[in-house]
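J.: Dropping in target02.cif, which is mmCIF, C-alpha atoms:
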data_run
#
loop_
_atom_site.label_atom_id
_atom_site.label_comp_id
_atom_site.auth_asym_id
_atom_site.auth_seq_id
_atom_site.Cartn_x
_atom_site.Cartn_y
_atom_site.Cartn_z
CA MET A 1409 161.30 112.84 97.24
CA THR A 1410 163.24 112.13 100.44
CA VAL A 1411 162.48 108.72 101.95
CA GLU A 1412 162.42 108.69 105.75
CA ARG A 1413 164.87 106.34 107.38
CA VAL A 1414 163.47 103.72 109.75
CA ALA A 1415 165.32 102.73 112.92
CA LEU A 1416 164.68 99.99 115.46
CA ILE A 1417 166.14 100.43 118.93
CA THR A 1418 165.89 97.53 121.37
CA GLY A 1419 165.28 98.32 125.03
CA ALA A 1420 164.04 101.74 123.94
CA ASN A 1421 161.47 102.57 126.60
CA LYS A 1422 164.05 104.12 128.97
CA GLY A 1423 167.67 105.14 129.49
CA MET A 1424 170.07 105.22 126.57
CA GLY A 1425 167.62 103.39 124.33
CA PHE A 1426 165.04 106.11 124.82
CA GLU A 1427 167.65 108.83 124.33
CA THR A 1428 168.94 107.17 121.17
CA ALA A 1429 165.39 107.09 119.85
CA ARG A 1430 164.83 110.73 120.76
CA GLN A 1431 168.01 111.95 119.11
CA LEU A 1432 167.43 109.93 115.96
CA GLY A 1433 163.79 111.03 115.84
CA GLU A 1434 164.77 114.66 116.13
CA ARG A 1435 166.89 114.14 113.02
CA GLY A 1436 163.88 112.98 111.05
CA VAL A 1437 164.25 109.22 111.51
CA VAL A 1438 161.12 107.13 112.13
CA VAL A 1439 161.93 105.26 115.34
CA LEU A 1440 160.53 101.90 116.34
CA LEU A 1441 160.73 101.49 120.09
CA GLY A 1442 161.51 97.88 120.86
CA ALA A 1443 160.25 97.11 124.36
CA ARG A 1444 159.54 93.90 126.25
CA ASP A 1445 156.79 95.63 128.26
CA GLU A 1446 154.16 96.80 125.76
CA GLY A 1447 152.69 99.37 128.13
CA ARG A 1448 156.06 101.03 128.76
CA GLY A 1449 156.79 101.01 125.04
CA GLU A 1450 153.52 102.78 124.31
CA GLN A 1451 154.16 105.32 127.06
CA ALA A 1452 157.64 106.07 125.69
CA ALA A 1453 156.23 106.47 122.17
CA ASP A 1454 153.60 108.91 123.46
CA THR A 1455 156.27 110.94 125.25
CA LEU A 1456 158.36 111.19 122.09
CA ALA A 1457 155.32 112.01 119.97
CA GLN A 1458 154.64 114.98 122.24
CA ARG A 1459 158.13 116.22 121.31
CA GLY A 1460 157.39 115.94 117.61
CA VAL A 1461 159.17 112.63 117.06
CA THR A 1462 157.63 109.95 114.87
CA ALA A 1463 157.86 107.03 117.28
CA LEU A 1464 156.05 103.72 117.14
CA PRO A 1465 156.05 101.06 119.86
CA LEU A 1466 157.11 97.55 118.87
CA HIS A 1467 156.72 94.62 121.23
CA LEU A 1468 160.08 92.87 121.32
CA ASP A 1469 161.59 90.55 123.90
CA VAL A 1470 165.10 89.86 122.62
CA THR A 1471 165.28 86.63 124.66
CA ASP A 1472 162.16 85.16 123.03
CA PRO A 1473 162.69 83.86 119.46
CA ALA A 1474 158.96 83.97 118.74
CA SER A 1475 158.79 87.62 119.83
CA VAL A 1476 161.82 88.47 117.68
CA ALA A 1477 160.32 86.76 114.62
CA ALA A 1478 156.99 88.51 115.15
CA ALA A 1479 158.73 91.88 115.46
CA ALA A 1480 160.65 91.33 112.21
CA ALA A 1481 157.42 90.40 110.44
CA GLU A 1482 155.76 93.55 111.79
CA VAL A 1483 158.61 95.78 110.59
CA ASP A 1484 158.39 94.13 107.18
CA ARG A 1485 154.62 94.64 107.06
CA ARG A 1486 154.78 98.29 108.15
CA HIS A 1487 157.87 99.49 106.31
CA GLY A 1488 159.24 96.78 104.01
CA ARG A 1489 162.80 97.47 105.11
CA LEU A 1490 164.94 98.64 108.03
CA ASP A 1491 167.67 101.28 107.77
CA ILE A 1492 169.08 101.27 111.30
CA LEU A 1493 169.25 98.65 114.05
CA VAL A 1494 170.55 99.67 117.47
CA ASN A 1495 171.09 96.64 119.72
CA ASN A 1496 170.76 98.50 123.00
CA ALA A 1497 168.89 96.09 125.29
CA GLY A 1498 171.20 94.83 128.00
CA VAL A 1499 171.37 93.58 131.58
CA ALA A 1500 174.10 93.55 134.22
CA GLY A 1501 172.93 90.41 136.03
CA GLY A 1502 172.77 89.81 139.76
CA PHE A 1503 176.16 88.17 140.32
CA SER A 1504 178.98 90.42 141.58
CA GLY A 1505 181.43 87.98 143.19
CA PRO A 1506 184.80 86.65 141.97
CA PRO A 1507 184.84 84.42 138.86
CA SER A 1508 185.73 81.36 140.95
CA GLU A 1509 182.36 81.63 142.68
CA ALA A 1510 180.26 82.13 139.53
CA ALA A 1511 177.83 79.52 138.31
CA VAL A 1512 176.98 78.89 134.67
CA THR A 1513 173.50 80.23 135.34
CA ASP A 1514 174.99 83.58 136.42
CA LEU A 1515 176.55 84.02 133.01
CA TRP A 1516 173.61 82.55 131.13
CA GLU A 1517 171.29 85.15 132.64
CA VAL A 1518 173.40 87.96 131.17
CA TYR A 1519 174.42 86.31 127.90
CA GLU A 1520 170.80 85.53 127.06
CA THR A 1521 170.16 89.25 126.57
CA ASN A 1522 173.56 90.79 125.86
CA VAL A 1523 174.85 88.20 123.40
CA PHE A 1524 172.25 85.66 122.30
CA GLY A 1525 169.57 88.34 122.07
CA VAL A 1526 171.77 90.47 119.83
CA LEU A 1527 172.45 87.50 117.55
CA SER A 1528 168.75 86.64 117.39
CA VAL A 1529 167.59 90.18 116.62
CA THR A 1530 170.37 90.91 114.15
CA ASN A 1531 169.72 87.74 112.17
CA ALA A 1532 165.99 88.40 112.10
CA MET A 1533 166.41 92.01 110.95
CA LEU A 1534 169.33 91.53 108.57
CA PRO A 1535 167.17 90.68 105.51
CA LEU A 1536 165.32 93.98 106.09
CA LEU A 1537 168.59 95.89 106.56
CA ARG A 1538 169.88 94.48 103.28
CA ARG A 1539 166.94 96.18 101.53
CA SER A 1540 168.18 99.56 102.75
CA PRO A 1541 170.54 101.56 100.52
CA ALA A 1542 172.70 102.17 103.61
CA GLY A 1543 171.89 99.77 106.44
CA ARG A 1544 173.51 100.48 109.79
CA ILE A 1545 173.84 98.23 112.85
CA VAL A 1546 175.05 99.60 116.18
CA ASN A 1547 175.88 97.27 119.06
CA MET A 1548 175.90 99.06 122.43
CA SER A 1549 179.07 97.79 124.07
CA SER A 1550 181.25 99.01 126.94
CA HIS A 1551 184.85 99.85 127.84
CA LEU A 1552 184.46 96.99 130.33
CA GLY A 1553 184.40 94.57 127.40
CA SER A 1554 187.81 95.60 126.07
CA LEU A 1555 190.40 92.89 126.71
CA THR A 1556 193.17 95.41 126.08
CA LEU A 1557 191.94 97.93 128.63
CA ASN A 1558 190.98 95.37 131.27
CA SER A 1559 194.28 93.49 131.13
CA ASP A 1560 196.37 96.61 131.78
CA PRO A 1561 197.08 96.85 135.55
CA GLU A 1562 197.86 100.57 135.16
CA LEU A 1563 194.31 101.41 134.10
CA PRO A 1564 191.30 101.75 136.44
CA PHE A 1565 189.50 98.91 134.69
CA ALA A 1566 191.94 96.48 136.33
CA GLY A 1567 190.05 96.87 139.60
CA ILE A 1568 186.72 95.80 138.09
CA ASN A 1569 186.04 92.08 137.70
CA MET A 1570 182.38 91.58 136.75
CA ILE A 1571 182.76 88.22 135.03
CA ALA A 1572 179.24 87.96 133.58
CA TYR A 1573 178.74 91.51 132.32
CA GLN A 1574 182.31 92.16 131.14
CA SER A 1575 182.69 88.88 129.28
CA SER A 1576 179.27 89.37 127.65
CA LYS A 1577 180.44 92.69 126.23
CA THR A 1578 183.68 91.08 125.04
CA ALA A 1579 181.55 88.47 123.27
CA LEU A 1580 179.41 91.25 121.81
CA ASN A 1581 182.56 92.86 120.41
CA ALA A 1582 183.45 89.53 118.81
CA LEU A 1583 179.99 89.35 117.23
CA THR A 1584 180.51 92.83 115.82
CA VAL A 1585 183.76 91.81 114.15
CA ALA A 1586 182.22 88.59 112.80
CA TYR A 1587 179.25 90.38 111.22
CA ALA A 1588 181.56 93.05 109.77
CA LYS A 1589 183.47 90.28 107.99
CA GLU A 1590 180.27 88.82 106.54
CA LEU A 1591 178.93 92.22 105.48
CA ARG A 1592 182.17 93.47 103.91
CA GLY A 1593 181.46 94.74 100.41
CA THR A 1594 177.77 95.40 101.14
CA PRO A 1595 176.05 98.70 101.99
CA VAL A 1596 175.45 97.47 105.56
CA LYS A 1597 177.89 98.70 108.21
CA ILE A 1598 178.13 97.43 111.80
CA ASN A 1599 180.06 98.95 114.69
CA ALA A 1600 180.30 98.76 118.48
CA ALA A 1601 179.42 101.94 120.39
CA LEU A 1602 180.96 102.69 123.79
CA PRO A 1603 178.84 105.25 125.65
CA GLY A 1604 181.07 105.63 128.72
CA ILE A 1605 179.90 105.32 132.33
CA VAL A 1606 176.29 106.43 132.05
CA ALA A 1607 173.87 106.82 134.95
CA THR A 1608 171.10 104.33 134.14
CA ASP A 1609 169.06 101.67 135.91
CA LEU A 1610 171.71 99.16 134.77
CA ASN A 1611 174.27 100.49 137.26
CA GLY A 1612 172.00 101.92 139.92
CA ARG A 1613 172.33 105.38 138.30
CA GLN A 1614 175.93 105.72 139.46
CA GLY A 1615 177.43 106.79 136.15
CA GLN A 1616 179.18 110.08 135.44
CA ARG A 1617 177.45 110.77 132.13
CA THR A 1618 173.83 111.39 131.23
CA ALA A 1619 171.86 109.05 129.02
CA ALA A 1620 171.79 111.77 126.37
CA GLU A 1621 175.59 111.99 126.41
CA GLY A 1622 175.96 108.23 126.24
CA ALA A 1623 173.51 107.90 123.36
CA ALA A 1624 175.39 110.39 121.18
CA ILE A 1625 177.93 107.86 119.89
CA ALA A 1626 175.19 105.37 118.99
CA VAL A 1627 173.41 108.08 117.02
CA GLU A 1628 176.62 109.05 115.25
CA LEU A 1629 177.26 105.46 114.18
CA ALA A 1630 173.63 104.97 113.17
CA LEU A 1631 173.89 107.91 110.77
CA LEU A 1632 177.29 107.10 109.26
CA ASP A 1633 177.78 108.03 105.63
CA ASP A 1634 179.35 105.70 103.07
CA THR A 1635 182.87 106.72 104.08
CA GLY A 1636 182.37 105.65 107.70
CA PRO A 1637 183.99 102.58 109.27
CA SER A 1638 182.60 99.10 109.72
CA GLY A 1639 183.80 96.60 112.30
CA ALA A 1640 185.10 99.36 114.59
CA CYS A 1641 184.82 99.94 118.33
CA LEU A 1642 184.23 103.63 118.99
CA SER A 1643 183.48 106.08 121.76
CA ASP A 1644 182.77 109.77 121.24
CA ARG A 1645 186.49 110.32 121.82
CA GLY A 1646 187.56 108.02 119.02
CA PRO A 1647 188.52 104.36 118.50
CA VAL A 1648 188.85 102.07 121.52
CA PRO A 1649 191.01 98.91 121.41
CA TRP A 1650 189.21 95.60 121.44
#
What does this structure look like when you write it as structure tokens?

T.:
Amino acid sequence: MTVERVALITGANKGMGFETARQLGERGVVVLLGARDEGRGEQAADTLAQRGVTALPLHLDVTDPASVAAAAAEVDRRHGRLDILVNNAGVAGGFSGPPSEAAVTDLWEVYETNVFGVLSVTNAMLPLLRRSPAGRIVNMSSHLGSLTLNSDPELPFAGINMIAYQSSKTALNALTVAYAKELRGTPVKINAALPGIVATDLNGRQGQRTAAEGAAIAVELALLDDTGPSGACLSDRGPVPW
């Protein structure tokens, strides 16, 4: 008997999170839609259910440790394990000036979701992922977090200097490497997914790619077989330098 895989996607009620859930669901994965707003999570689950996807809303505020703990307990109660975790929830923050004008609070606002939230959720869900025969963790990162790309004056990234958002994605990449070290030799794999410049609410819908296109790499990494990489940074065009 084939056992259905269970996936949790944070920030799944819209954008790339929703598209990741849809694409995984269409491949037979049971998707748990992590959403801070319970009403929006339920609405997204209903929309996916109408498309034949097994989708269940899960109240989850990645910045609230109590909410994260409650979500992990609920996943344990419902399913007893977790096969896929996609850390998709993210914010850009309101600060857009030069680094010399940034305040600590400008960075804290972004890091709370993009870095600390990922750490909190991953640690809470890791015991459940370890119960899976092939646990997979996908951290939704960005080309803007690559130190290599952003330090090259010949590349277009050199003209972008969003201190809060970019450094948070660099930190997320570092988390990915750190967890890969800890999980080496286990069935759990973790990778960073780079979706490209996607039109979402995060960037005022100014991206060149659709949410469906951006979600494709997250889905690919979520469904990796045993020969797939761990501790890698990948776009749908291949590896990207840290």

J.: Evaluated on this file, the PyMOL selection byres ((chain A and resi 1494) around 7) picks out some residues - which ones are they, written as a VMD selection string?

T.: chain A and resid 1416 to 1418 1492 to 1493 1495 to 1496 1545 to 1547

J.: Can you turn the PyMOL selection byres ((chain A and resi 1451) around 12) into a concrete residue list for this file, as a tab-separated table (two decimals) with C-alpha atoms, in the coordinates of the input?

T.:
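So selection16.tsv came out as:
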chain	number	residue	atom	x	y	z
A	1420	ALA	CA	164.04	101.74	123.94
A	1421	ASN	CA	161.47	102.57	126.60
A	1422	LYS	CA	164.05	104.12	128.97
A	1426	PHE	CA	165.04	106.11	124.82
A	1441	LEU	CA	160.73	101.49	120.09
A	1443	ALA	CA	160.25	97.11	124.36
A	1445	ASP	CA	156.79	95.63	128.26
A	1446	GLU	CA	154.16	96.80	125.76
A	1447	GLY	CA	152.69	99.37	128.13
A	1448	ARG	CA	156.06	101.03	128.76
A	1449	GLY	CA	156.79	101.01	125.04
A	1450	GLU	CA	153.52	102.78	124.31
A	1452	ALA	CA	157.64	106.07	125.69
A	1453	ALA	CA	156.23	106.47	122.17
A	1454	ASP	CA	153.60	108.91	123.46
A	1455	THR	CA	156.27	110.94	125.25
A	1456	LEU	CA	158.36	111.19	122.09
A	1457	ALA	CA	155.32	112.01	119.97
A	1458	GLN	CA	154.64	114.98	122.24
A	1463	ALA	CA	157.86	107.03	117.28
A	1464	LEU	CA	156.05	103.72	117.14
A	1465	PRO	CA	156.05	101.06	119.86
A	1466	LEU	CA	157.11	97.55	118.87

J.: Just give me the gap between CA of Glu1520 (chain A) and CA of Asp1472 (chain A) in Å, one decimal is fine.

T.: 9.5 Å

J.: Evaluate the PyMOL selection byres ((chain A and resi 1587) around 10) and record the selected residues as a list in words, following the chain and residue labels used in the document.

T.: Leu1527, Thr1530, Asn1531, Ile1545, Ala1582, Leu1583, Thr1584, Val1585, Ala1586, Ala1588, Lys1589, Glu1590, Leu1591, Arg1592, Val1596, Lys1597, Ile1598, Asn1599, Ser1638 and Gly1639 of chain A

J.: Which residues are near Ser1575 (chain A)? Cut-off 9 Å, all atoms listed in the file, ignore same chain within fewer than 5 positions. Put them as a list of chain:residue names.

T.: A:Leu1515, A:Tyr1519, A:Leu1552, A:Gly1553, A:Met1570, A:Leu1580

J.: To one decimal place, how far is CA of Pro1564 (chain A) from CA of Asp1514 (chain A) in Å?

T.: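 Calculated distance between CA of Pro1564 (chain A) and CA of Asp1514 (chain A) is 24.4 Å.
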
J.: Of the candidates A:Ser1554, A:Ser1559, A:Asp1633, A:Ala1415, which shows the shortest atom-to-atom distance to Lys1577 (chain A), using all atoms listed in the file?

T.: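 Nearest candidate to Lys1577 (chain A) out of A:Ser1554, A:Ser1559, A:Asp1633, A:Ala1415: A:Ser1554.
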
J.: Counting only C-alpha atoms, find the residues whose atoms lie at most 10 Å from (182.9, 89.7, 138.3) (file coordinates) and write them out as an MDAnalysis selection string.

T.: chainID A and resid 1503:1510 1568:1575

J.: Considering all atoms listed in the file, return as a PyMOL selection string whatever protein or nucleic-acid residues lie within 9 Å of Gly1488 (chain A), sequence-local ones (same chain, fewer than 4 positions apart) excluded.

T.: chain A and resi 1483-1484+1536+1539

J.: At the level of all heavy atoms, write region 1516-1531 of chain A to a file as a compact mmCIF listing (two decimals), in the first residue's frame, please.

T.:
# COMPACT_ATOMS: atom_id res chain seq x y z
N TRP A 1516 15.46 43.69 12.25
CA TRP A 1516 14.74 42.76 13.12
C TRP A 1516 13.39 42.40 12.53
O TRP A 1516 12.98 41.22 12.56
CB TRP A 1516 14.56 43.37 14.51
CG TRP A 1516 13.94 42.40 15.48
CD1 TRP A 1516 12.61 42.18 15.69
CD2 TRP A 1516 14.63 41.50 16.32
NE1 TRP A 1516 12.42 41.21 16.63
CE2 TRP A 1516 13.65 40.76 17.03
CE3 TRP A 1516 15.98 41.24 16.55
CZ2 TRP A 1516 13.99 39.77 17.96
CZ3 TRP A 1516 16.31 40.26 17.48
CH2 TRP A 1516 15.32 39.54 18.17
N GLU A 1517 12.70 43.37 11.97
CA GLU A 1517 11.39 43.13 11.38
C GLU A 1517 11.44 42.03 10.32
O GLU A 1517 10.54 41.19 10.23
CB GLU A 1517 10.88 44.43 10.74
CG GLU A 1517 9.59 44.29 9.94
CD GLU A 1517 9.30 45.51 9.08
OE1 GLU A 1517 10.15 46.42 9.00
OE2 GLU A 1517 8.21 45.52 8.46
N VAL A 1518 12.49 42.03 9.52
CA VAL A 1518 12.63 41.06 8.43
C VAL A 1518 13.19 39.73 8.94
O VAL A 1518 12.71 38.66 8.57
CB VAL A 1518 13.52 41.63 7.32
CG1 VAL A 1518 13.73 40.62 6.21
CG2 VAL A 1518 12.89 42.91 6.76
N TYR A 1519 14.22 39.81 9.79
CA TYR A 1519 14.84 38.59 10.31
C TYR A 1519 13.87 37.75 11.13
O TYR A 1519 13.98 36.53 11.18
CB TYR A 1519 16.05 38.96 11.17
CG TYR A 1519 17.33 39.12 10.39
CD1 TYR A 1519 17.44 40.04 9.36
CD2 TYR A 1519 18.44 38.34 10.68
CE1 TYR A 1519 18.61 40.20 8.65
CE2 TYR A 1519 19.63 38.49 9.96
CZ TYR A 1519 19.69 39.42 8.95
OH TYR A 1519 20.86 39.56 8.24
N GLU A 1520 12.93 38.42 11.80
CA GLU A 1520 11.99 37.70 12.65
C GLU A 1520 11.23 36.64 11.87
O GLU A 1520 10.98 35.54 12.36
CB GLU A 1520 11.00 38.69 13.29
CG GLU A 1520 10.12 38.06 14.36
CD GLU A 1520 9.25 39.07 15.06
OE1 GLU A 1520 8.90 40.09 14.45
OE2 GLU A 1520 8.92 38.83 16.23
N THR A 1521 10.88 36.96 10.61
CA THR A 1521 10.19 36.00 9.76
C THR A 1521 11.16 35.17 8.93
O THR A 1521 11.09 33.93 8.92
CB THR A 1521 9.22 36.73 8.80
OG1 THR A 1521 8.22 37.40 9.57
CG2 THR A 1521 8.55 35.75 7.84
N ASN A 1522 12.07 35.84 8.23
CA ASN A 1522 12.90 35.16 7.22
C ASN A 1522 13.99 34.28 7.80
O ASN A 1522 14.48 33.38 7.10
CB ASN A 1522 13.54 36.20 6.30
CG ASN A 1522 12.52 36.99 5.50
OD1 ASN A 1522 11.32 36.84 5.68
ND2 ASN A 1522 13.00 37.86 4.63
N VAL A 1523 14.42 34.56 9.02
CA VAL A 1523 15.51 33.79 9.62
C VAL A 1523 15.07 33.10 10.90
O VAL A 1523 15.07 31.87 10.99
CB VAL A 1523 16.74 34.69 9.90
CG1 VAL A 1523 17.90 33.85 10.46
CG2 VAL A 1523 17.17 35.42 8.64
N PHE A 1524 14.64 33.89 11.90
CA PHE A 1524 14.27 33.30 13.18
C PHE A 1524 13.05 32.40 13.02
O PHE A 1524 12.96 31.35 13.67
CB PHE A 1524 13.99 34.40 14.21
CG PHE A 1524 15.09 35.42 14.34
CD1 PHE A 1524 14.82 36.75 14.58
CD2 PHE A 1524 16.43 35.05 14.20
CE1 PHE A 1524 15.82 37.69 14.71
CE2 PHE A 1524 17.44 35.98 14.32
CZ PHE A 1524 17.14 37.31 14.56
N GLY A 1525 12.11 32.80 12.17
CA GLY A 1525 10.93 31.99 11.94
C GLY A 1525 11.27 30.64 11.32
O GLY A 1525 10.69 29.61 11.67
N VAL A 1526 12.23 30.66 10.39
CA VAL A 1526 12.66 29.41 9.76
C VAL A 1526 13.32 28.49 10.78
O VAL A 1526 13.06 27.28 10.82
CB VAL A 1526 13.63 29.69 8.59
CG1 VAL A 1526 14.26 28.40 8.07
CG2 VAL A 1526 12.89 30.42 7.47
N LEU A 1527 14.16 29.05 11.63
CA LEU A 1527 14.81 28.26 12.68
C LEU A 1527 13.77 27.66 13.62
O LEU A 1527 13.82 26.46 13.95
CB LEU A 1527 15.78 29.15 13.46
CG LEU A 1527 16.55 28.45 14.59
CD1 LEU A 1527 17.68 27.62 14.04
CD2 LEU A 1527 17.09 29.48 15.59
N SER A 1528 12.81 28.47 14.03
CA SER A 1528 11.78 28.02 14.96
C SER A 1528 10.94 26.89 14.37
O SER A 1528 10.72 25.85 15.00
CB SER A 1528 10.88 29.21 15.33
OG SER A 1528 9.85 28.83 16.21
N VAL A 1529 10.48 27.09 13.14
CA VAL A 1529 9.63 26.07 12.50
C VAL A 1529 10.42 24.80 12.22
O VAL A 1529 9.94 23.68 12.46
CB VAL A 1529 9.00 26.62 11.21
CG1 VAL A 1529 8.29 25.52 10.44
CG2 VAL A 1529 8.04 27.76 11.53
N THR A 1530 11.63 24.95 11.70
CA THR A 1530 12.43 23.77 11.38
C THR A 1530 12.71 22.94 12.62
O THR A 1530 12.57 21.70 12.61
CB THR A 1530 13.75 24.19 10.71
OG1 THR A 1530 13.46 24.92 9.52
CG2 THR A 1530 14.59 22.97 10.35
N ASN A 1531 13.08 23.59 13.70
CA ASN A 1531 13.38 22.85 14.93
C ASN A 1531 12.14 22.16 15.49
O ASN A 1531 12.22 21.05 16.03
CB ASN A 1531 13.98 23.78 15.98
CG ASN A 1531 15.41 24.14 15.67
OD1 ASN A 1531 16.03 23.57 14.78
ND2 ASN A 1531 15.96 25.11 16.38
